[in-house]
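Trainee: My structure is below; once you've seen it, I'll send some questions.
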Amino acid sequence: MPTVLRKPRKNVKELLQWIESRPGEIAVWRTFPPQEPRFGKWPALDARLTNALALRGIERPYLHQAEAIGAAMEGRNVVIVTPTASGKTACYNVPVVQSILDNPSSRALYLFPTKALSQDQLAELYALTEAVEADIACFTYDGDTAPSARTKVRTAGHIVITNPDMLHTGILPHHTKWVKLFENLRYIVLDELHGYRGVFGSHLANVIRRLKRICAFYGSKPTFICCSATIANPRELAETLLEEPVELVVKNGAPRDEKHVMIQNPPLVNRSMGIRGSSLDETADIATEALANDISTIVFTRSRTNVELLLHRIRKNLEARSLPSGQVAGYRGGYLPNERRAIERGLRDGTVRGVISTNALELGIDIGSLELAVLHGYPGSIASAWQQMGRAGRRQGTSAAVMVASSFALDQFLAAQPAYFFDASPERARVNPDNLYILVNHVKCAAFELPFRQGDRFGKAEVAEVLEYLTEQGVLHMAAGRYHWQADSFPAEAFSLRSATSENYVILDVSDPARHTVIGEVDRPSAPMLIHPEAVYFHGGKAYQVLDLDQKGMRALVKPVEAEYYTDADLAVRLEVLDEFDRDAAWGWGEVLLASRPTVYKKIRLSTQENVGYGHIHLDEEQMHTTGAWLTLPENLPWENWDSDRKSSALAGLSHLMRATAPLFLMCDRTDLQVHGMVRDPHFERPAIYFADNFPGGVGLAEAVYTLRNALLDSAWEALVSCPCERGCPACVGALGARIGAKEATRLLLSALRGRSS
C-alpha cells in the first residue's frame with residue numbers, strides 16, 4: 001500500500017501566525033516570556049508533611065506560598081492574589097493538614113463556588129493525605145452526596161469540602177448534627193474569592209455571618225484563608241465578606257512558561273458604517289483550525305445562546321473537514337449535572353478536545369492541559385478576561401489566548417486601545433451585605449439556627465428593626481429577651497444565593513406524549529426573554545421550540561425542531577424615581593421602580609445573522625424595587641434647538657456608550673446594570689439617562705455609577721472618538737444609532753456634558 005503522507009500539524013505559534021494572515025486586524029500580539037521561580041522557606045512543619053510534599057515534587061515553597069502558609073499557621077486571616085496555576089492550593093492545604101497532624105480533632109471547611117471545583121480539590125487532597133500516611137478523612141458534602149454517607153461526613157470528616165449553597169441550606173440549619181466540625185473548626189478556606197461579588201457576594205457575606213455566629217456558639221474562632229484572581233480591591237472584598245482584618249499576599253513566586261496573548265478584530269466590511277465581519281464566525285473558524293491541528297482548546301462566550309450557536313457552527317465545520325464533531329462540547333448553566341460531569345471527564349481523559357463555555361468553566365477546575373483559550377468578545381471585566389485566558393497553559397509548554405472583539409462598543413474600544421486592557425488596574429469587586437432583601441432573608445435563617453437576644457447584632461449589621469418586623473409578621477416569637485423562630489417554613493430553602501430570586505423554570509421536552517423529559521433550567525429573570533412562547537431555544541446544539549410558558553407552574557414546554565434561526569426578544573422598560581438619596585448638579589441616585597415586559601421577538605438566521613421575521617410576546621409586566629442613578633440633562637445644552645429625532649438619536653447613542661463602558665469600572669456583567677435614556681422623563685420633566693441595578697434592593701452598582709460619574713463620561717468619550725466609523729455604528733452608538741447616523745449628535749452632546757468645546 002502507498003504511504004499516506006499526513007499533513008504536518010500547526011503548533012500554537014503557527015496557529016497565531018495563521019490568524020495573523022487572515023483578513024482583519026491584530027490589535028495586539030503580546031508575548032509574555034518565561035518566568036523563573038522564586039522560593040521561600042517552609043515554616044516549622046511535620047516531617048511527614050514535608051516528605052509528602054517532596055514526593056509530589058514540591059521541595060520548597062514559592063515565595064507567596066511561604067508567606068501565606070506562615071500567616072495562616074499564626075492564626076492570621078489571609079487573601080492570596082496570584083495568577084492562575086501558581087500553586088494557591090498548597091497555601092491552604094499545608095496549614096490545614098499540619099493542624100490535623102498537630103491535633104487529630106482539628107477540622108477544616110473548604111468552600112468552593114461550584115461542585116465541579118469541590119470534586120477537583122478532593123482529588124488533590126486525597127493525593128496529599130495518602131502521601132502523608134496519616135488518618136485524615138476528606139469528604140465532599142453537596143447535593144450529590146449519598147444520604148448513607150452524610151452521617152460519616154458529619155462525624156468523621158477532618159476536611160469537609162462544600163459550596164456556599166450547601167452550607168446555606170444543608171449545614172448551617174442542621175448545625176446540631178455537625179457538633180464535631182463546629183467545636184473544632186480551625187480553618188475556613190474561601191477559594192475563587194473574586195467570584196463573590198454582586199448578589200452572590202452579598203449573600204455569601206451573610207452566610208459567613210451565620211457561620212461565625214454558630215462557630216462562636218460552639219466555642220471556635222476559625223482562621224480564614226482566601227484565594228482570588230487579580231482584582232483592584234482583594235483585601236477590601238475579603239474584609240467586607242469576613243468583617244475581620246485580612247493580610248494580603250501578592251508577591252507571586254511561581255514559574256511561567258511562554259504565553260502569547262492576541263486581540264483580533266474581524267475585518268471591516270463597511271468602513272463608513274463601521275460594520276465588521278461576524279465575531280461568532282471568526283471565533284468558530286479559529287477554534288475549528290485549532291482542533292483540526294490537535295490543539296486542545298477552550299472557547300468562552302458571554303451568553304447561553306452563543307454557546308449553542310458556536311457549538312453548532314464548530315461541529316458543522318469539523319464535519320465538513322471529515323473530523324469527529326463529538327470532540328467538542330458545550331458547557332453552561334442550564335445543563336443538567338450528569339451532562340456537566342460527563343463533559344468534565346471527557347476533558348480530563350482527552351475524548352473531549354474542545355469545549356465552549358460561559359464563565360461556568362472560568363474557575364480553576366483542573367480539566368487537563370489546554371493549549372489555547374479563545375474569548376468570543378470581552379467577558380465584561382479585566383479580572384474575568386485574565387482568568388479565562390489563564391485556563392490555557394496551566395501546565396508546562398507554550399500556550400496562547402486570543403480575544404476576538406465583537407461589535408460591542410467596549411470590545412471595539414479595547415481593540416482600538418489595547419493598552420487599557422494590558423496596563424489598566426483591574427476592577428473593584430462590589431458587594432452590599434446590608435441590602436435589605438438579602439439581609440432580612442439571612443436574619444430569618446440565623447434566627448431559625450439560633451435565637452437572637454435583644455441587642456444582638458448580625459455581624460456588623462444592626463438588626464433590631466428587622467427582628468421587630470419579623471416578630472410583627474409572626475415569623476419570630478419574643479420570649480425572655482430572645483427572638484425565637486416560630487414559622488412553619490424552612491427559611492434557607494426559600495431563596496437562592498445565586499440570584500435575587502430562587503425560582504427556576506424547568507424546560508420539558510414534550511415531544512413524546514408518554515414521557516416528558518427535563519432537558520434544562522432557566523432562571524426566572526431570564527425566562528421571559530429566552531423561553532417565551534414561540535421562542536427557539538438551543539440546548540446541546542439542538543433546537544427546541546417553546547410551545548407554552550406555564551408561569552404558575554414554572555415550566556416551559558418544548559419540542560425538537562429543525563430551525564435555521566434563533567429568537568431574540570426586545571424588552572420594554574419604564575423607570576420611576578421613588579426616593580432620592582443624594583444629588584450633585586445633574587446627577588443623583590436613590591430608589592427606583594424598574595418595570596419590564598418583553599414585547600416582540602426577532603428571528604435571526606443562524607448562517608447570516610439577518611432578521612428573517614418577528615412575532616409578538618404576550619406576557620405580564622414584572623416590577624422590581626431597586627437602586628438607580630440618573631443623569632438629567634441640564635438646560636444650557638447646545639441641543640435646545642435640535643428637533644426631537646436628533647435629540648433621541650444623541651440620547652440613544654450616549655446611553656449605549658455608557659451601558660457598554662460602565663462594566664470597565666463596576667466589575668459587573670452588562671445584564672447586571674440596566675441603562676435607559678428618556679427624551680422626556682416624567683419625574684424630572686427633562687431628558688434623563690437612568691442606571692439601575694438589575695436586582696431587588698440593589699447591590700451597590702448604582703451608587704458606584706454616581707461616585708464614578710466623571711470617569712464614566714470620559715470612557716464613553718474615548719470609546720466614541722476611537723471608533724473609525726463616520727456616521728455611527730453598532731460598536732459605538734448602537735444598532736439604532738447606526739441606522740440614524742447618531743455619531744455627530746452624540747459627540748456634541750457628550751462634549752457638552754464633559755465641559756469640552758465641540
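Convention: chains lettered A, B, ... in C-alpha cells order; per-chain residue numbering from 1; ligands numbered from 1 as shown.
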Within 9 Å of Asn306 in chain A, counting only C-alpha atoms, which residues qualify if same-chain residues fewer than 3 places away don't, as a VMD selection string?

Mentor: chain A and resid 280 301 to 303 309 to 311 358 376

Trainee: Take the residues that were just selected and, keeping C-alpha atoms, output them as a short mmCIF file (atom, residue, chain, number, x, y, z; two decimals), in the first residue's frame.

Mentor:
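What ended up in selection.cif:
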```
data_model
loop_
_atom_site.label_atom_id
_atom_site.label_comp_id
_atom_site.auth_asym_id
_atom_site.auth_seq_id
_atom_site.Cartn_x
_atom_site.Cartn_y
_atom_site.Cartn_z
CA LEU A 280 -19.07 34.47 16.02
CA THR A 301 -18.57 33.36 25.25
CA ARG A 302 -20.92 35.64 27.14
CA SER A 303 -24.33 34.03 26.75
CA LEU A 309 -24.52 28.82 18.25
CA LEU A 310 -20.76 28.29 18.47
CA LEU A 311 -21.17 24.59 19.27
CA THR A 358 -19.89 30.63 29.56
CA HIS A 376 -15.57 35.42 21.95
#
```

Trainee: Give me the range 224-307 of chain A side of the contact with range 21-41 of chain A, cut-off 7 Å, one line per residue showing its nearest atom pair and distance in Å at one decimal, counting only C-alpha atoms, sorted by chain and residue number, as a tab-separated table.

Mentor:
```
residue	atom	partner	partner_atom	distance
A:Gly253	CA	A:Arg38	CA	4.5
A:Ala254	CA	A:Pro37	CA	5.0
A:Pro255	CA	A:Pro37	CA	4.3
A:Arg256	CA	A:Gln35	CA	4.8
A:Asp257	CA	A:Pro34	CA	4.4
A:Glu258	CA	A:Pro34	CA	4.7
A:Lys259	CA	A:Phe32	CA	5.1
A:His260	CA	A:Thr31	CA	4.5
A:Val261	CA	A:Arg30	CA	5.3
A:Met262	CA	A:Trp29	CA	4.4
A:Ile263	CA	A:Ala27	CA	5.4
A:Gln264	CA	A:Ile26	CA	4.6
A:Asn265	CA	A:Glu25	CA	5.1
A:Pro266	CA	A:Gly24	CA	4.6
A:Pro267	CA	A:Gly24	CA	3.7
```

Trainee: Write out, as a short mmCIF file (atom, residue, chain, number, x, y, z; two decimals), in the first residue's frame, the residues just selected, with C-alpha atoms.

Mentor:
```cif
data_model
loop_
_atom_site.label_atom_id
_atom_site.label_comp_id
_atom_site.auth_asym_id
_atom_site.auth_seq_id
_atom_site.Cartn_x
_atom_site.Cartn_y
_atom_site.Cartn_z
CA GLY A 253 6.93 33.25 43.09
CA ALA A 254 5.60 30.63 40.66
CA PRO A 255 7.34 29.96 37.32
CA ARG A 256 5.61 30.53 34.00
CA ASP A 257 6.20 29.17 30.51
CA GLU A 258 5.97 31.38 27.43
CA LYS A 259 2.48 32.71 26.79
CA HIS A 260 1.03 34.63 23.86
CA VAL A 261 -1.99 36.95 24.12
CA MET A 262 -3.65 38.31 20.99
CA ILE A 263 -6.60 40.65 20.45
CA GLN A 264 -8.05 40.11 16.99
CA ASN A 265 -10.67 42.28 15.28
CA PRO A 266 -12.75 40.84 12.42
CA PRO A 267 -12.34 42.70 9.10
#
```

Trainee: Got a sec: who's within 7 Å of Gln387 in chain A, counting only C-alpha atoms, leaving out chain neighbours fewer than 2 positions off, as a PDB file with N, CA and C atoms, in the first residue's frame?

Mentor:
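File written: selection.pdb
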```pdb
ATOM      1  N   THR A  84      -3.468  32.386  37.808  1.00  0.00           N
ATOM      2  CA  THR A  84      -3.946  31.018  37.649  1.00  0.00           C
ATOM      3  C   THR A  84      -2.762  30.057  37.588  1.00  0.00           C
ATOM      4  N   ALA A 229      -8.354  35.672  42.083  1.00  0.00           N
ATOM      5  CA  ALA A 229      -7.689  36.199  40.894  1.00  0.00           C
ATOM      6  C   ALA A 229      -7.451  37.695  41.121  1.00  0.00           C
ATOM      7  N   GLU A 362     -14.758  29.233  33.945  1.00  0.00           N
ATOM      8  CA  GLU A 362     -13.727  30.240  34.185  1.00  0.00           C
ATOM      9  C   GLU A 362     -12.903  29.869  35.407  1.00  0.00           C
ATOM     10  N   ALA A 383     -10.570  41.315  35.212  1.00  0.00           N
ATOM     11  CA  ALA A 383     -10.298  40.147  36.055  1.00  0.00           C
ATOM     12  C   ALA A 383     -10.804  38.867  35.398  1.00  0.00           C
ATOM     13  N   SER A 384     -12.027  38.912  34.866  1.00  0.00           N
ATOM     14  CA  SER A 384     -12.586  37.729  34.201  1.00  0.00           C
ATOM     15  C   SER A 384     -11.796  37.375  32.946  1.00  0.00           C
ATOM     16  N   ALA A 385     -11.387  38.397  32.191  1.00  0.00           N
ATOM     17  CA  ALA A 385     -10.641  38.131  30.958  1.00  0.00           C
ATOM     18  C   ALA A 385      -9.338  37.399  31.265  1.00  0.00           C
ATOM     19  N   MET A 389      -8.302  33.647  30.176  1.00  0.00           N
ATOM     20  CA  MET A 389      -7.064  33.424  29.424  1.00  0.00           C
ATOM     21  C   MET A 389      -6.129  32.474  30.165  1.00  0.00           C
ATOM     22  N   GLY A 390      -6.195  32.497  31.485  1.00  0.00           N
ATOM     23  CA  GLY A 390      -5.348  31.625  32.289  1.00  0.00           C
ATOM     24  C   GLY A 390      -5.758  30.173  32.269  1.00  0.00           C
ATOM     25  N   ARG A 391      -6.907  29.856  31.664  1.00  0.00           N
ATOM     26  CA  ARG A 391      -7.336  28.456  31.583  1.00  0.00           C
ATOM     27  C   ARG A 391      -6.467  27.669  30.615  1.00  0.00           C
TER      28      ARG A 391
END
```

Trainee: Just want the 7 Å neighbourhood of range 600-605 of chain A, counted on only C-alpha atoms, with same-chain residues fewer than 3 positions away dropped. Output as a PyMOL selection string.

Mentor: chain A and resi 564-570+608-617

Trainee: Write the residues of the preceding selection, restricted to C-alpha atoms, as a CSV table (one decimal), in the first residue's frame.

Mentor:
```csv
chain,number,residue,atom,x,y,z
A,564,GLU,CA,-32.2,27.6,10.8
A,565,TYR,CA,-32.8,30.6,13.1
A,566,TYR,CA,-32.9,31.6,16.7
A,567,THR,CA,-35.0,34.2,18.5
A,568,ASP,CA,-34.0,37.4,20.2
A,569,ALA,CA,-36.6,39.3,22.3
A,570,ASP,CA,-36.9,43.0,22.9
A,608,THR,CA,-26.1,35.1,8.1
A,609,GLN,CA,-27.4,36.7,11.3
A,610,GLU,CA,-30.0,38.6,9.3
A,611,ASN,CA,-33.5,39.3,10.6
A,612,VAL,CA,-36.0,36.9,8.9
A,613,GLY,CA,-39.2,37.7,10.8
A,614,TYR,CA,-40.7,38.7,14.1
A,615,GLY,CA,-43.6,37.9,16.4
A,616,HIS,CA,-45.3,39.4,19.4
A,617,ILE,CA,-44.9,38.3,23.0
```

Trainee: For a quick check of understanding, using only C-alpha atoms, which of A:Ser278, A:Ser644, A:Thr305, A:Asn206 has the smallest distance to Gly459 in chain A?

Mentor: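 The answer is A:Asn206, which sits nearest to Gly459 in chain A.
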
Trainee: Near range 582-594 of chain A, counting only C-alpha atoms, which residues have an atom at most 6 Å away, once you skip same-chain residues fewer than 6 positions from it, shown as a PyMOL selection string?

Mentor: chain A and resi 575-576+623-632

Trainee: Counting only C-alpha atoms, figure out which residue out of A:Leu15, A:Val558, A:Pro533, A:Cys725 gets nearest to Ala400 in chain A.

Mentor: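 Result for the nearest residue to Ala400 in chain A: A:Leu15.
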
Trainee: Hey, what's within 9 Å of Gln327 in chain A if we count only C-alpha atoms and toss same-chain stuff fewer than 4 positions away? As a list of chain:residue names, please?

Mentor: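 Within the cut-off, the hits are A:Leu291, A:Arg315, A:Leu323, A:Gly346, A:Gly350, A:Thr351, A:Val352, A:Arg353, A:Gly354, A:Val355.
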
Trainee: Deliver the residues from the most recent selection as a file, using C-alpha atoms, as a tab-separated table (two decimals), in the first residue's frame.

Mentor:
```tsv
chain	number	residue	atom	x	y	z
A	291	LEU	CA	-8.99	21.42	16.91
A	315	ARG	CA	-19.36	20.89	14.79
A	323	LEU	CA	-13.24	15.26	11.51
A	346	GLY	CA	-14.07	13.89	28.68
A	350	GLY	CA	-8.86	13.56	26.25
A	351	THR	CA	-12.00	12.33	24.49
A	352	VAL	CA	-13.21	15.94	24.50
A	353	ARG	CA	-10.55	18.19	22.95
A	354	GLY	CA	-12.58	21.39	22.88
A	355	VAL	CA	-15.26	22.99	25.00
```

Trainee: Could you tell me which of A:Arg747, A:Lys559, A:His168, A:Arg304 comes closest to Glu521 in chain A if we count only C-alpha atoms?

Mentor: A:Arg304

Trainee: Could you tell me, as a ChimeraX atom specification, which residues of range 485-516 of chain A DSSP assigns to strand (DSSP E or B) when given the backbone?

Mentor: /A:485,504-509

Trainee: Can you write just those residues out, N, CA and C atoms, as a compact mmCIF listing (two decimals), in the first residue's frame?

Mentor:
```
# COMPACT_ATOMS: atom_id res chain seq x y z
N TRP A 485 -37.59 31.41 66.47
CA TRP A 485 -38.29 31.08 65.21
C TRP A 485 -39.58 30.36 65.54
N ASN A 504 -36.51 28.85 39.41
CA ASN A 504 -36.06 28.49 38.07
C ASN A 504 -37.21 27.86 37.30
N TYR A 505 -37.25 28.13 36.01
CA TYR A 505 -38.19 27.44 35.14
C TYR A 505 -37.56 26.12 34.69
N VAL A 506 -38.33 25.04 34.74
CA VAL A 506 -37.90 23.75 34.23
C VAL A 506 -38.32 23.65 32.77
N ILE A 507 -37.42 23.17 31.91
CA ILE A 507 -37.71 23.03 30.48
C ILE A 507 -38.00 21.57 30.18
N LEU A 508 -39.20 21.29 29.70
CA LEU A 508 -39.65 19.92 29.46
C LEU A 508 -39.83 19.66 27.98
N ASP A 509 -39.17 18.62 27.49
CA ASP A 509 -39.39 18.15 26.12
C ASP A 509 -40.64 17.27 26.13
```

Trainee: I want to know what sits within 12 Å of range 474-481 of chain A, based on only C-alpha atoms, with residues of the same chain fewer than 3 positions away left out; could you give that as a ChimeraX atom specification?

Mentor: /A:440-441,443-448,450-456,466-471,484-491

Trainee: Can I get the selection written as a PDB file, in the first residue's frame, with C-alpha atoms?

Mentor:
```
ATOM      1  CA  VAL A 440     -33.851  40.007  56.024  1.00  0.00           C
ATOM      2  CA  ASN A 441     -33.723  36.564  54.417  1.00  0.00           C
ATOM      3  CA  VAL A 443     -31.722  37.087  59.558  1.00  0.00           C
ATOM      4  CA  LYS A 444     -34.629  34.633  59.212  1.00  0.00           C
ATOM      5  CA  CYS A 445     -32.159  31.793  58.591  1.00  0.00           C
ATOM      6  CA  ALA A 446     -29.971  32.872  61.524  1.00  0.00           C
ATOM      7  CA  ALA A 447     -32.984  33.006  63.864  1.00  0.00           C
ATOM      8  CA  PHE A 448     -34.007  29.517  62.743  1.00  0.00           C
ATOM      9  CA  LEU A 450     -30.046  30.111  66.929  1.00  0.00           C
ATOM     10  CA  PRO A 451     -32.333  32.573  68.738  1.00  0.00           C
ATOM     11  CA  PHE A 452     -31.366  36.249  68.731  1.00  0.00           C
ATOM     12  CA  ARG A 453     -31.103  38.106  72.030  1.00  0.00           C
ATOM     13  CA  GLN A 454     -32.276  41.693  72.391  1.00  0.00           C
ATOM     14  CA  GLY A 455     -29.417  43.975  71.389  1.00  0.00           C
ATOM     15  CA  ASP A 456     -27.659  41.344  69.262  1.00  0.00           C
ATOM     16  CA  VAL A 466     -35.647  43.682  61.289  1.00  0.00           C
ATOM     17  CA  LEU A 467     -36.265  41.443  64.317  1.00  0.00           C
ATOM     18  CA  GLU A 468     -39.214  43.570  65.411  1.00  0.00           C
ATOM     19  CA  TYR A 469     -40.671  43.484  61.898  1.00  0.00           C
ATOM     20  CA  LEU A 470     -40.360  39.685  61.716  1.00  0.00           C
ATOM     21  CA  THR A 471     -41.998  39.422  65.139  1.00  0.00           C
ATOM     22  CA  HIS A 484     -37.294  32.511  68.590  1.00  0.00           C
ATOM     23  CA  TRP A 485     -38.286  31.078  65.214  1.00  0.00           C
ATOM     24  CA  GLN A 486     -41.943  30.083  65.130  1.00  0.00           C
ATOM     25  CA  ALA A 487     -42.966  29.918  61.458  1.00  0.00           C
ATOM     26  CA  ASP A 488     -43.693  26.547  59.842  1.00  0.00           C
ATOM     27  CA  SER A 489     -41.402  27.144  56.873  1.00  0.00           C
ATOM     28  CA  PHE A 490     -37.730  26.238  56.401  1.00  0.00           C
ATOM     29  CA  PRO A 491     -36.243  29.666  55.533  1.00  0.00           C
TER      30      PRO A 491
END
```

Trainee: CA of Leu749 in chain A to CA of Gly653 in chain A: how many Å, to one decimal?

Mentor: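 A separation of 9.7 Å between them.
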